[in-house]
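Asker: My questions all concern the structure below.
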Amino acid sequence: MTERELDAAGVTDPALREAYRHCRRLNARHGRTYFLATRLLPVERRPAVHALYGFARWADDIVDALGMGADSVRRDAELAALERELEQGLRDGESAEPVVRALADTARRYRIDHAHFADFMAAMRSDLVVTDYADYAALRRYMHGSAAVIGLQMLPVLGTVTDRETAAPHAAALGVAFQLTNFLRDVGEDLDRGRVYLPADLLAAHGVDRERLRWSRDTGRRDPRITSALRAFERLTRGVYRQAVPGLAMLEPVSRPCIRTAFVLYGGILDAVAEDGYAVLHRRSVVPRRRRAVVAADGLARVAAARLRARPAAARGPGGVPLTGAGPVGSRMVEEVA
């Protein structure tokens with residue numbers, strides 16, 4: 001499937017093809033939900049998404065994976081080296097680092113604003129020194145670079161039926177909604193890394209602070225005040241999802257099934273957290289495999305419908321059935337999550 005994606009995208013240089021393959025492997029290994037949704041995109045657009053995600057994953061790994069055993073000086077040096085490589089890659093279109101090479105090619109092909117990458121790197125550097133946020137306004141400033149710009153980077157790849165400026169706020173909101181969902185799901189893991197992304201004033205309104213979260217994590221005991229705070233954070237997150245909804249219809253029809261599937265699957269994480277009694281300090285809540293399969297099947301049906309509408313009649317078989325489409329690949333996709 002990788003070769004078909006690269007052929008369709010017009011990527012012919014062997015080194016660049018391998019760079020995109022590397023990004024795809026990062027996406028498949030680290031981002032199951034997003035990787036699943038990406039497979040609903042037109043085949044020629046998938047490598048670009050893999051490049052964008054692969055770069056974000058690599059930078060995040062420097063902050064998190066090294067964070068457990070490396071001092072801030074080393075992590076800062078790693079990020080600084082990545083930033084230099086990024087600036088050169090975006091400027092020259094070349095890089096010895098596969099992820100940067102694929103990203104630079106994607107940025108050129110889709111004319112993605114380089115400022116989005118600079119804002120992202122600034123947020124990653126912030127993670128080296130900032131371990132909590134006083135209020136939601138402070139958290140939103142951080143998430144502009146860590147999440148909103150991801151939605152803005154994706155927008156040129158997805159395409160829109162309206163002008164990009166109209167769709168941009170909704171794309172940014174969706175990136176923020178996805179990250180807020182991850183923050184809620186990963187409260188315990190982030191706490192172990194020394195970070196609390198839940199705003200301090202929201203926690204305080206429910207009688208909770210970092211020490212109370214640490215106590216619950218360490219002892220495995222529950223506290224209704226913590227549950228109340230987590231429920232409030234869930235409500236806040238769902239509000240951001242509502243801000244993102246109008247943007248779905250602004251995307252090109254062939255891209256909508258991908259983003260709608262991601263929207264439903266990430267929203268399902270919130271449902272799983274609630275159904276699990278907001279036990280995120282003690283275990284990770286996951287969307288049941290059957291539910292993932294149902295959402296994937298719905299996405300495939302929407303892909304087929306969108307392609308049928310977009311394809312000229314000459315490309316259809318008897319009864320208007322497309323001669324090509326998801327086919328057995330779609331069946332395998334559902335089987336992978338069933």
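Chains: A, B, ... in order of the structure tokens. Residues: from 1 per chain. Ligands: from 1, in order shown.
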Please extract the residues of region 130-302 of chain A with a backbone DSSP assignment of helix (DSSP H, G or I) and present them as a ChimeraX atom specification.

Answerer: /A:136-158,164-185,187-192,200-205,210-219,224-250,256-275,289-302

Asker: Within 6 Å of region 87-103 of chain A, which residues of region 12-69 of chain A come that close, and what is the closest atom pair and distance in Å for each? Count only C-alpha atoms and give it as a tab-separated table.

Answerer:
```
residue	atom	partner	partner_atom	distance
A:Ala19	CA	A:Pro98	CA	4.3
A:Tyr20	CA	A:Ala102	CA	5.6
A:Ala51	CA	A:Leu103	CA	5.1
A:Phe55	CA	A:Val99	CA	5.7
```

Asker: Those same residues, written as a CSV table (one decimal), in the first residue's frame with all heavy atoms?

Answerer:
```
chain,number,residue,atom,x,y,z
A,19,ALA,N,12.0,8.3,3.0
A,19,ALA,CA,11.7,9.3,4.0
A,19,ALA,C,10.2,9.2,4.4
A,19,ALA,O,9.8,9.2,5.5
A,19,ALA,CB,12.1,10.7,3.6
A,20,TYR,N,9.4,9.2,3.3
A,20,TYR,CA,7.9,9.1,3.5
A,20,TYR,C,7.6,7.8,4.2
A,20,TYR,O,6.7,7.7,5.0
A,20,TYR,CB,7.2,9.3,2.2
A,20,TYR,CG,6.9,10.7,1.9
A,20,TYR,CD1,7.6,11.4,0.8
A,20,TYR,CD2,6.0,11.5,2.6
A,20,TYR,CE1,7.3,12.7,0.5
A,20,TYR,CE2,5.7,12.8,2.2
A,20,TYR,CZ,6.4,13.4,1.2
A,20,TYR,OH,6.1,14.7,0.9
A,51,ALA,N,3.9,12.6,6.8
A,51,ALA,CA,5.0,13.5,7.0
A,51,ALA,C,4.7,14.5,8.1
A,51,ALA,O,5.6,14.7,9.0
A,51,ALA,CB,5.4,14.2,5.7
A,55,PHE,N,6.7,14.2,11.8
A,55,PHE,CA,7.6,15.2,12.4
A,55,PHE,C,7.1,15.6,13.8
A,55,PHE,O,7.9,15.7,14.7
A,55,PHE,CB,7.5,16.5,11.5
A,55,PHE,CG,8.3,17.6,12.1
A,55,PHE,CD1,9.7,17.6,12.0
A,55,PHE,CD2,7.7,18.6,12.7
A,55,PHE,CE1,10.4,18.7,12.5
A,55,PHE,CE2,8.4,19.7,13.3
A,55,PHE,CZ,9.8,19.7,13.2
```

Asker: With only C-alpha atoms as the basis for distance, which of A:Val280, A:Ala148, A:Ala262, A:Ala115 is at the shortest distance from Asp298 (chain A)?

Answerer: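 The shortest atom-to-atom distance to Asp298 (chain A) comes from A:Ala262.
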
Asker: One decimal, in Å: what's the spacing between CA of Thr227 (chain A) and CA of Phe263 (chain A)?

Answerer: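 The value is 24.4 Å.
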
Asker: Which residues, written as JSON, numbers by chain, have at least one atom at most 8 Å from Val187 (chain A), with only C-alpha atoms counted and residues fewer than 3 positions away on the same chain left out?

Answerer: {"A": [183, 184, 190, 191, 196, 197, 280, 281]}

Asker: Find the residues of region 200-317 of chain A that sit at most 10 Å from region 149-172 of chain A; for each, write down the nearest two atoms and how far apart they are in Å, to one decimal. Count only C-alpha atoms. Sort by chain, then by number going up, and give it as CSV.

Answerer:
```
residue,atom,partner,partner_atom,distance
A:Val240,CA,A:His170,CA,9.4
A:Tyr241,CA,A:His170,CA,9.1
A:Arg242,CA,A:His170,CA,9.3
A:Gln243,CA,A:His170,CA,6.4
A:Ala244,CA,A:His170,CA,4.4
A:Val245,CA,A:His170,CA,7.2
A:Pro246,CA,A:His170,CA,6.8
A:Gly247,CA,A:His170,CA,4.9
A:Leu248,CA,A:His170,CA,8.2
A:Ala249,CA,A:Val161,CA,8.2
A:Met250,CA,A:Val161,CA,5.5
A:Leu251,CA,A:Thr160,CA,4.1
A:Glu252,CA,A:Thr160,CA,4.8
A:Pro253,CA,A:Val161,CA,8.2
A:Val254,CA,A:Leu158,CA,8.4
A:Ser255,CA,A:Leu158,CA,5.6
A:Arg256,CA,A:Leu158,CA,8.2
A:Cys258,CA,A:Leu158,CA,9.2
A:Ile259,CA,A:Leu158,CA,8.9
```

Asker: Give me, as a ChimeraX atom specification, all polymer residues having an atom no more than 8 Å from Ala37 (chain A), counting only C-alpha atoms and skipping those fewer than 2 positions away in the same chain.

Answerer: /A:33-35,39-41,258-259,261-262,296

Asker: Write out the residues from the selection above, keeping N, CA, C and O atoms, as an mmCIF file, in the first residue's frame.

Answerer:
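Listed below is the output, out_39.cif:
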```cif
data_model
loop_
_atom_site.group_PDB
_atom_site.id
_atom_site.type_symbol
_atom_site.label_atom_id
_atom_site.label_comp_id
_atom_site.auth_asym_id
_atom_site.auth_seq_id
_atom_site.Cartn_x
_atom_site.Cartn_y
_atom_site.Cartn_z
ATOM 1 N N THR A 33 -5.326 5.727 16.203
ATOM 2 C CA THR A 33 -6.594 6.362 15.834
ATOM 3 C C THR A 33 -6.423 7.219 14.595
ATOM 4 O O THR A 33 -7.210 7.134 13.638
ATOM 5 N N TYR A 34 -5.394 8.038 14.580
ATOM 6 C CA TYR A 34 -5.197 8.944 13.457
ATOM 7 C C TYR A 34 -4.763 8.187 12.214
ATOM 8 O O TYR A 34 -5.154 8.539 11.095
ATOM 9 N N PHE A 35 -3.961 7.142 12.378
ATOM 10 C CA PHE A 35 -3.526 6.342 11.235
ATOM 11 C C PHE A 35 -4.727 5.674 10.574
ATOM 12 O O PHE A 35 -4.832 5.619 9.343
ATOM 13 N N ARG A 39 -6.220 6.485 6.492
ATOM 14 C CA ARG A 39 -6.406 5.523 5.415
ATOM 15 C C ARG A 39 -7.700 5.765 4.642
ATOM 16 O O ARG A 39 -7.939 5.133 3.611
ATOM 17 N N LEU A 40 -8.534 6.665 5.125
ATOM 18 C CA LEU A 40 -9.752 7.029 4.405
ATOM 19 C C LEU A 40 -9.532 8.194 3.441
ATOM 20 O O LEU A 40 -10.439 8.563 2.697
ATOM 21 N N LEU A 41 -8.365 8.794 3.470
ATOM 22 C CA LEU A 41 -8.055 9.894 2.557
ATOM 23 C C LEU A 41 -7.786 9.363 1.151
ATOM 24 O O LEU A 41 -7.392 8.195 0.982
ATOM 25 N N CYS A 258 -12.421 11.031 6.281
ATOM 26 C CA CYS A 258 -11.237 10.884 7.129
ATOM 27 C C CYS A 258 -11.393 11.691 8.407
ATOM 28 O O CYS A 258 -11.223 11.162 9.519
ATOM 29 N N ILE A 259 -11.700 12.977 8.270
ATOM 30 C CA ILE A 259 -11.744 13.848 9.434
ATOM 31 C C ILE A 259 -12.965 13.531 10.283
ATOM 32 O O ILE A 259 -12.898 13.590 11.519
ATOM 33 N N THR A 261 -14.235 10.590 10.680
ATOM 34 C CA THR A 261 -13.879 9.372 11.418
ATOM 35 C C THR A 261 -12.981 9.700 12.598
ATOM 36 O O THR A 261 -13.184 9.197 13.712
ATOM 37 N N ALA A 262 -11.976 10.557 12.372
ATOM 38 C CA ALA A 262 -11.116 10.971 13.485
ATOM 39 C C ALA A 262 -11.930 11.688 14.546
ATOM 40 O O ALA A 262 -11.741 11.474 15.754
ATOM 41 N N ALA A 296 -15.015 2.703 11.465
ATOM 42 C CA ALA A 296 -14.223 2.526 10.250
ATOM 43 C C ALA A 296 -15.102 2.124 9.079
ATOM 44 O O ALA A 296 -14.947 2.636 7.958
#
```

Asker: Given only C-alpha atoms as the basis, pick out the residue of A:Arg57, A:Glu78, A:Asp71, A:Ser216 nearest to Ser146 (chain A).

Answerer: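 Ranked by minimum distance to Ser146 (chain A), first place goes to A:Arg57.
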
Asker: Measure the distance from CA of Asp113 (chain A) to CA of Tyr53 (chain A) in Å and round it to one decimal.

Answerer: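 Computed distance, CA of Asp113 (chain A) to CA of Tyr53 (chain A), equals 16.0 Å.
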
Asker: So which one's closest to Val176 (chain A), A:Arg217, A:Arg24, A:Arg141, A:Arg231? Using only C-alpha atoms, please.

Answerer: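 Comparing A:Arg217, A:Arg24, A:Arg141, A:Arg231 against Val176 (chain A), the winner is A:Arg141.
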
Asker: Just to confirm, what's the straight-line distance from CA of Ala200 (chain A) to CA of Tyr266 (chain A) in Å (one decimal)?

Answerer: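 CA of Tyr266 (chain A) lies 24.2 Å from CA of Ala200 (chain A).
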